[in-house]
Amino acid sequence: MQNQKLLLVGDNPFHGVSHLSQSRASGRGNQISNPEYCAELIGVAVENGADGFMFSVSEITLDIIRSLADKGVSPKLYAIAPAASDYVRLASRLGTPGMAIHLTKQIIASCNLKAVFCGFKGVVFQNPAALMKAYLYYEIFRIRKAAKSKRAPDCFLLHEIITEMALALELEWLFRSFIGFMQKMKIKPGFETRNSPQLIDFLTKLGIDLTKVAIVAPYNKIGFQMNPSKEECEKKLEDIPQTEVIAMSILASGYLKSAEAIEYINGISQIKGVVIGISREQHARDFKIFRAAMNGSTR
């Protein structure tokens, strides 16, 4: 029996994000930013075959997760951090030092002793790995509190901005520390990227067991956002047949129809799941179509 692909609801529309057009994003209306409404959409998607929710850790998405927990809906949670847009706004309003002070105050206010201790250790000993762990403890604490679960999230991914920067600077310590920390927390580590071949090559060079990490990257019929090329991204997947690769941008931000997107994804056995953004109830109900069609690879 063929394995079904993982189906995840994406949160970009909930933040007013469209990778194709900002006018499309702004035209979705104010209701899509209402956490209760978003939670209702996710609930409908789960009823129609969705397995989980992939989200950037922010106050908006944490409110959505709280609402889901209150409704008794408990999808798999795939967290992405840091929420780049939130920290850019903070930095522009408070400045970089002010943003750091704000985050420090938030960590202390959380009363998470592990986060506070790691943060103190990182400052005193100028240890970047300890500072990173303090931040990760803090974000995991926020997710677990919102989800009312001591085991959430199922997977924690570094945002593409951090992934690409770490790749460019060849920050071996960051990849090893992050993966080791998440495994210690019994959470699957993952990476969001727009250049999956480079990430796969670097992790392989470090001797990382790629069967134990998740990779989220664009995969679609027209090569939208696939770097350095569609052909290279597809070819590199042959090196990691057992890795949990989750495809994003499968509809090329609305350019492709569902049927052709499904046909493309089903044709690549190495892709284990997809993430699809929704902004209205019909999108959520369409997960029934995706679930029926994405029942494993065709080649």
# chains A, B, ... in the order shown; residues from 1 in each chain; ligands from 1
>>> residues_around(residues="Ser67 of chain A", least_positions_apart="2", cutoff="9 Å", atoms="only C-alpha atoms", output="PDB file with N, CA and C atoms, in the first residue's frame")
ATOM      1  N   PRO A  35      -7.967  35.403  14.647  1.00  0.00           N
ATOM      2  CA  PRO A  35      -7.524  34.072  15.075  1.00  0.00           C
ATOM      3  C   PRO A  35      -8.651  33.044  15.146  1.00  0.00           C
ATOM      4  N   GLU A  36      -9.823  33.470  15.593  1.00  0.00           N
ATOM      5  CA  GLU A  36     -10.956  32.542  15.689  1.00  0.00           C
ATOM      6  C   GLU A  36     -11.358  32.043  14.304  1.00  0.00           C
ATOM      7  N   ALA A  39      -8.705  29.655  13.021  1.00  0.00           N
ATOM      8  CA  ALA A  39      -8.813  28.358  13.680  1.00  0.00           C
ATOM      9  C   ALA A  39      -9.971  27.551  13.108  1.00  0.00           C
ATOM     10  N   GLU A  40     -11.063  28.234  12.781  1.00  0.00           N
ATOM     11  CA  GLU A  40     -12.210  27.557  12.163  1.00  0.00           C
ATOM     12  C   GLU A  40     -11.806  26.963  10.816  1.00  0.00           C
ATOM     13  N   LEU A  62       0.037  31.967  17.567  1.00  0.00           N
ATOM     14  CA  LEU A  62      -0.157  31.397  18.899  1.00  0.00           C
ATOM     15  C   LEU A  62      -1.606  31.554  19.352  1.00  0.00           C
ATOM     16  N   ASP A  63      -2.228  32.679  19.000  1.00  0.00           N
ATOM     17  CA  ASP A  63      -3.659  32.857  19.303  1.00  0.00           C
ATOM     18  C   ASP A  63      -4.501  31.823  18.542  1.00  0.00           C
ATOM     19  N   ILE A  64      -4.110  31.530  17.305  1.00  0.00           N
ATOM     20  CA  ILE A  64      -4.826  30.517  16.520  1.00  0.00           C
ATOM     21  C   ILE A  64      -4.701  29.152  17.185  1.00  0.00           C
ATOM     22  N   ILE A  65      -3.501  28.831  17.641  1.00  0.00           N
ATOM     23  CA  ILE A  65      -3.268  27.532  18.293  1.00  0.00           C
ATOM     24  C   ILE A  65      -4.040  27.446  19.606  1.00  0.00           C
ATOM     25  N   ALA A  69      -6.818  24.621  20.461  1.00  0.00           N
ATOM     26  CA  ALA A  69      -6.795  23.813  21.689  1.00  0.00           C
ATOM     27  C   ALA A  69      -8.121  23.932  22.434  1.00  0.00           C
ATOM     28  N   ASP A  70      -8.687  25.134  22.474  1.00  0.00           N
ATOM     29  CA  ASP A  70      -9.971  25.340  23.156  1.00  0.00           C
ATOM     30  C   ASP A  70     -11.097  24.569  22.467  1.00  0.00           C
ATOM     31  N   LYS A  71     -10.958  24.394  21.142  1.00  0.00           N
ATOM     32  CA  LYS A  71     -11.985  23.674  20.378  1.00  0.00           C
ATOM     33  C   LYS A  71     -11.751  22.170  20.394  1.00  0.00           C
ATOM     34  N   GLY A  72     -10.645  21.736  21.000  1.00  0.00           N
ATOM     35  CA  GLY A  72     -10.324  20.314  21.036  1.00  0.00           C
ATOM     36  C   GLY A  72      -9.745  19.790  19.741  1.00  0.00           C
ATOM     37  N   VAL A  73      -9.255  20.699  18.887  1.00  0.00           N
ATOM     38  CA  VAL A  73      -8.625  20.312  17.626  1.00  0.00           C
ATOM     39  C   VAL A  73      -7.114  20.273  17.839  1.00  0.00           C
ATOM     40  N   ALA A 146       0.478  27.607  24.486  1.00  0.00           N
ATOM     41  CA  ALA A 146      -0.676  27.883  23.624  1.00  0.00           C
ATOM     42  C   ALA A 146      -1.419  26.602  23.263  1.00  0.00           C
ATOM     43  N   ALA A 147      -0.651  25.544  22.963  1.00  0.00           N
ATOM     44  CA  ALA A 147      -1.258  24.275  22.532  1.00  0.00           C
ATOM     45  C   ALA A 147      -1.752  23.432  23.702  1.00  0.00           C
TER      46      ALA A 147
END
>>> residues_around(residues="Ala293 of chain A", least_positions_apart="3", cutoff="12 Å", atoms="only C-alpha atoms", output="list of chain:residue names")
A:Gln4, A:Lys5, A:Leu7, A:Gly49, A:Ser258, A:Ala259, A:Glu260, A:Ala261, A:Ile262, A:Glu263, A:Tyr264, A:Ile265, A:Asn266, A:Gly267, A:Asp286, A:Phe287, A:Lys288, A:Ile289, A:Phe290, A:Gly296, A:Ser297, A:Thr298
>>> write_last_selection(atoms="N, CA and C atoms", output="compact mmCIF listing (two decimals), in the first residue's frame")
# COMPACT_ATOMS: atom_id res chain seq x y z
N GLN A 4 0.57 7.74 2.14
CA GLN A 4 -0.04 9.02 1.84
C GLN A 4 0.91 10.14 2.22
N LYS A 5 0.86 11.21 1.46
CA LYS A 5 1.70 12.36 1.76
C LYS A 5 1.08 13.18 2.88
N LEU A 7 -0.24 16.33 4.67
CA LEU A 7 -0.89 17.55 4.21
C LEU A 7 -0.94 18.56 5.35
N GLY A 49 -9.18 16.21 5.76
CA GLY A 49 -7.99 15.45 5.42
C GLY A 49 -6.65 16.05 5.74
N SER A 258 -4.96 23.22 -9.18
CA SER A 258 -4.74 22.13 -8.22
C SER A 258 -4.39 20.82 -8.91
N ALA A 259 -5.09 20.49 -10.00
CA ALA A 259 -4.89 19.21 -10.67
C ALA A 259 -3.46 19.06 -11.18
N GLU A 260 -2.90 20.10 -11.81
CA GLU A 260 -1.54 19.99 -12.34
C GLU A 260 -0.51 20.03 -11.23
N ALA A 261 -0.83 20.74 -10.13
CA ALA A 261 0.08 20.75 -8.99
C ALA A 261 0.16 19.37 -8.36
N ILE A 262 -0.99 18.72 -8.20
CA ILE A 262 -1.05 17.38 -7.62
C ILE A 262 -0.33 16.37 -8.50
N GLU A 263 -0.54 16.47 -9.80
CA GLU A 263 0.11 15.55 -10.73
C GLU A 263 1.63 15.64 -10.61
N TYR A 264 2.14 16.86 -10.49
CA TYR A 264 3.59 17.06 -10.38
C TYR A 264 4.12 16.48 -9.07
N ILE A 265 3.47 16.81 -7.96
CA ILE A 265 3.94 16.35 -6.65
C ILE A 265 3.85 14.83 -6.54
N ASN A 266 2.77 14.24 -7.04
CA ASN A 266 2.62 12.78 -6.98
C ASN A 266 3.66 12.06 -7.83
N GLY A 267 4.26 12.78 -8.75
CA GLY A 267 5.27 12.17 -9.59
C GLY A 267 6.65 12.13 -8.98
N ASP A 286 -11.26 22.03 0.18
CA ASP A 286 -10.51 21.46 -0.94
C ASP A 286 -9.45 20.46 -0.48
N PHE A 287 -9.13 20.45 0.82
CA PHE A 287 -8.17 19.47 1.31
C PHE A 287 -8.68 18.05 1.09
N LYS A 288 -9.99 17.90 0.99
CA LYS A 288 -10.56 16.58 0.70
C LYS A 288 -10.11 16.11 -0.67
N ILE A 289 -10.01 17.05 -1.62
CA ILE A 289 -9.56 16.73 -2.98
C ILE A 289 -8.08 16.36 -2.95
N PHE A 290 -7.28 17.17 -2.23
CA PHE A 290 -5.85 16.89 -2.12
C PHE A 290 -5.61 15.53 -1.45
N GLY A 296 0.31 8.93 -2.64
CA GLY A 296 1.61 8.33 -2.88
C GLY A 296 2.12 8.69 -4.25
N SER A 297 3.32 8.27 -4.56
CA SER A 297 3.96 8.63 -5.82
C SER A 297 3.47 7.74 -6.95
N THR A 298 3.67 8.24 -8.18
CA THR A 298 3.28 7.49 -9.35
C THR A 298 4.49 6.97 -10.11
>>> closest_residue(among="A:Glu164, A:Glu238, A:Asp209, A:Glu281", to="Phe191 of chain A", atoms="only C-alpha atoms")
A:Glu164
>>> atom_distance(atom1="atom CA of Gly180 of chain A", atom2="atom CA of Arg151 of chain A")
17.0 Å
>>> select_by_dssp(residues="segment 44-270 of chain A", states="alpha helix (DSSP H)", output="PyMOL selection string")
chain A and resi 44-47+59-70+84-109+113-124+128-147+160-168+172-184+196-205+230-236+258-266
>>> closest_residue(among="A:Ala252, A:Ile200, A:Ile240, A:Ile246", to="Ile222 of chain A", atoms="only C-alpha atoms")
A:Ala252
>>> select_by_dssp(residues="segment 180-262 of chain A", states="strand (DSSP E or B)", output="compact mmCIF listing (two decimals) with C-alpha atoms, in the first residue's frame")
# COMPACT_ATOMS: atom_id res chain seq x y z
CA LYS A 188 12.13 16.77 14.91
CA PRO A 189 14.55 19.45 13.65
CA GLY A 190 13.96 21.01 10.26
CA PHE A 191 15.06 23.70 7.85
CA GLU A 192 13.12 25.96 5.53
CA ALA A 214 12.80 17.74 7.76
CA ILE A 215 13.38 20.02 4.78
CA VAL A 216 10.75 22.47 3.57
CA ALA A 217 11.40 23.95 0.13
CA PRO A 218 9.54 25.08 -3.01
CA GLU A 244 10.99 14.15 5.16
CA VAL A 245 10.87 16.68 2.33
CA ILE A 246 7.82 18.95 2.44
CA ALA A 247 6.97 20.95 -0.65
CA MET A 248 5.77 24.53 -0.38
>>> closest_residue(among="A:Ser249, A:Ser74, A:Gln270, A:Ser33", to="Glu234 of chain A", atoms="only C-alpha atoms")
A:Gln270
>>> residues_around(residues="Asn227 of chain A", least_positions_apart="2", cutoff="9 Å", atoms="only C-alpha atoms", output="list in words")
Arg194, Asn195, Ser196, Pro197, Pro218, Gly223, Phe224, Gln225, Ser229, Lys230, Glu232 and Cys233 of chain A
>>> residues_around(residues="Gly10 of chain A", least_positions_apart="5", cutoff="8 Å", atoms="only C-alpha atoms", output="MDAnalysis selection string")
chainID A and resid 53:55 275:278
>>> write_last_selection(atoms="C-alpha atoms", output="PDB file, in the first residue's frame")
ATOM      1  CA  PHE A  53      -0.573  23.285  10.686  1.00  0.00           C
ATOM      2  CA  MET A  54       2.735  24.837   9.630  1.00  0.00           C
ATOM      3  CA  PHE A  55       3.229  28.290  11.115  1.00  0.00           C
ATOM      4  CA  VAL A 275       1.957  22.737   2.772  1.00  0.00           C
ATOM      5  CA  ILE A 276      -0.907  24.759   1.311  1.00  0.00           C
ATOM      6  CA  GLY A 277      -2.143  28.146   2.468  1.00  0.00           C
ATOM      7  CA  ILE A 278      -5.870  28.782   2.847  1.00  0.00           C
TER       8      ILE A 278
END
>>> closest_residue(among="A:Leu8, A:Arg176, A:Asp239, A:Pro13", to="Ala50 of chain A", atoms="only C-alpha atoms")
A:Leu8
>>> residues_around(residues="Val44 of chain A", least_positions_apart="2", cutoff="8 Å", atoms="only C-alpha atoms", output="PDB file with N, CA and C atoms, in the first residue's frame")
ATOM      1  N   GLU A  40     -11.063  28.234  12.781  1.00  0.00           N
ATOM      2  CA  GLU A  40     -12.210  27.557  12.163  1.00  0.00           C
ATOM      3  C   GLU A  40     -11.806  26.963  10.816  1.00  0.00           C
ATOM      4  N   LEU A  41     -11.034  27.736  10.021  1.00  0.00           N
ATOM      5  CA  LEU A  41     -10.587  27.251   8.721  1.00  0.00           C
ATOM      6  C   LEU A  41      -9.705  26.018   8.873  1.00  0.00           C
ATOM      7  N   ILE A  42      -8.792  26.062   9.825  1.00  0.00           N
ATOM      8  CA  ILE A  42      -7.906  24.912  10.052  1.00  0.00           C
ATOM      9  C   ILE A  42      -8.722  23.705  10.487  1.00  0.00           C
ATOM     10  N   VAL A  46      -8.806  20.122   8.649  1.00  0.00           N
ATOM     11  CA  VAL A  46      -8.515  18.853   9.329  1.00  0.00           C
ATOM     12  C   VAL A  46      -9.651  17.858   9.103  1.00  0.00           C
ATOM     13  N   GLU A  47     -10.879  18.340   9.179  1.00  0.00           N
ATOM     14  CA  GLU A  47     -12.037  17.470   8.925  1.00  0.00           C
ATOM     15  C   GLU A  47     -12.013  16.904   7.510  1.00  0.00           C
ATOM     16  N   ASN A  48     -11.360  17.637   6.597  1.00  0.00           N
ATOM     17  CA  ASN A  48     -11.324  17.233   5.196  1.00  0.00           C
ATOM     18  C   ASN A  48      -9.996  16.618   4.770  1.00  0.00           C
ATOM     19  N   GLU A 281     -13.194  29.283   3.443  1.00  0.00           N
ATOM     20  CA  GLU A 281     -13.693  27.949   3.782  1.00  0.00           C
ATOM     21  C   GLU A 281     -13.592  26.976   2.611  1.00  0.00           C
ATOM     22  N   ALA A 284     -10.330  25.371   2.524  1.00  0.00           N
ATOM     23  CA  ALA A 284     -10.199  24.359   3.571  1.00  0.00           C
ATOM     24  C   ALA A 284     -10.879  23.057   3.154  1.00  0.00           C
ATOM     25  N   ARG A 285     -12.039  23.174   2.518  1.00  0.00           N
ATOM     26  CA  ARG A 285     -12.764  21.976   2.078  1.00  0.00           C
ATOM     27  C   ARG A 285     -12.043  21.281   0.921  1.00  0.00           C
TER      28      ARG A 285
END
>>> closest_residue(among="A:His283, A:Arg66, A:Arg142, A:Lys272", to="Thr211 of chain A", atoms="only C-alpha atoms")
A:Lys272
>>> closest_residue(among="A:Lys205, A:Lys184, A:Lys235, A:Arg291", to="Leu167 of chain A", atoms="only C-alpha atoms")
A:Lys205
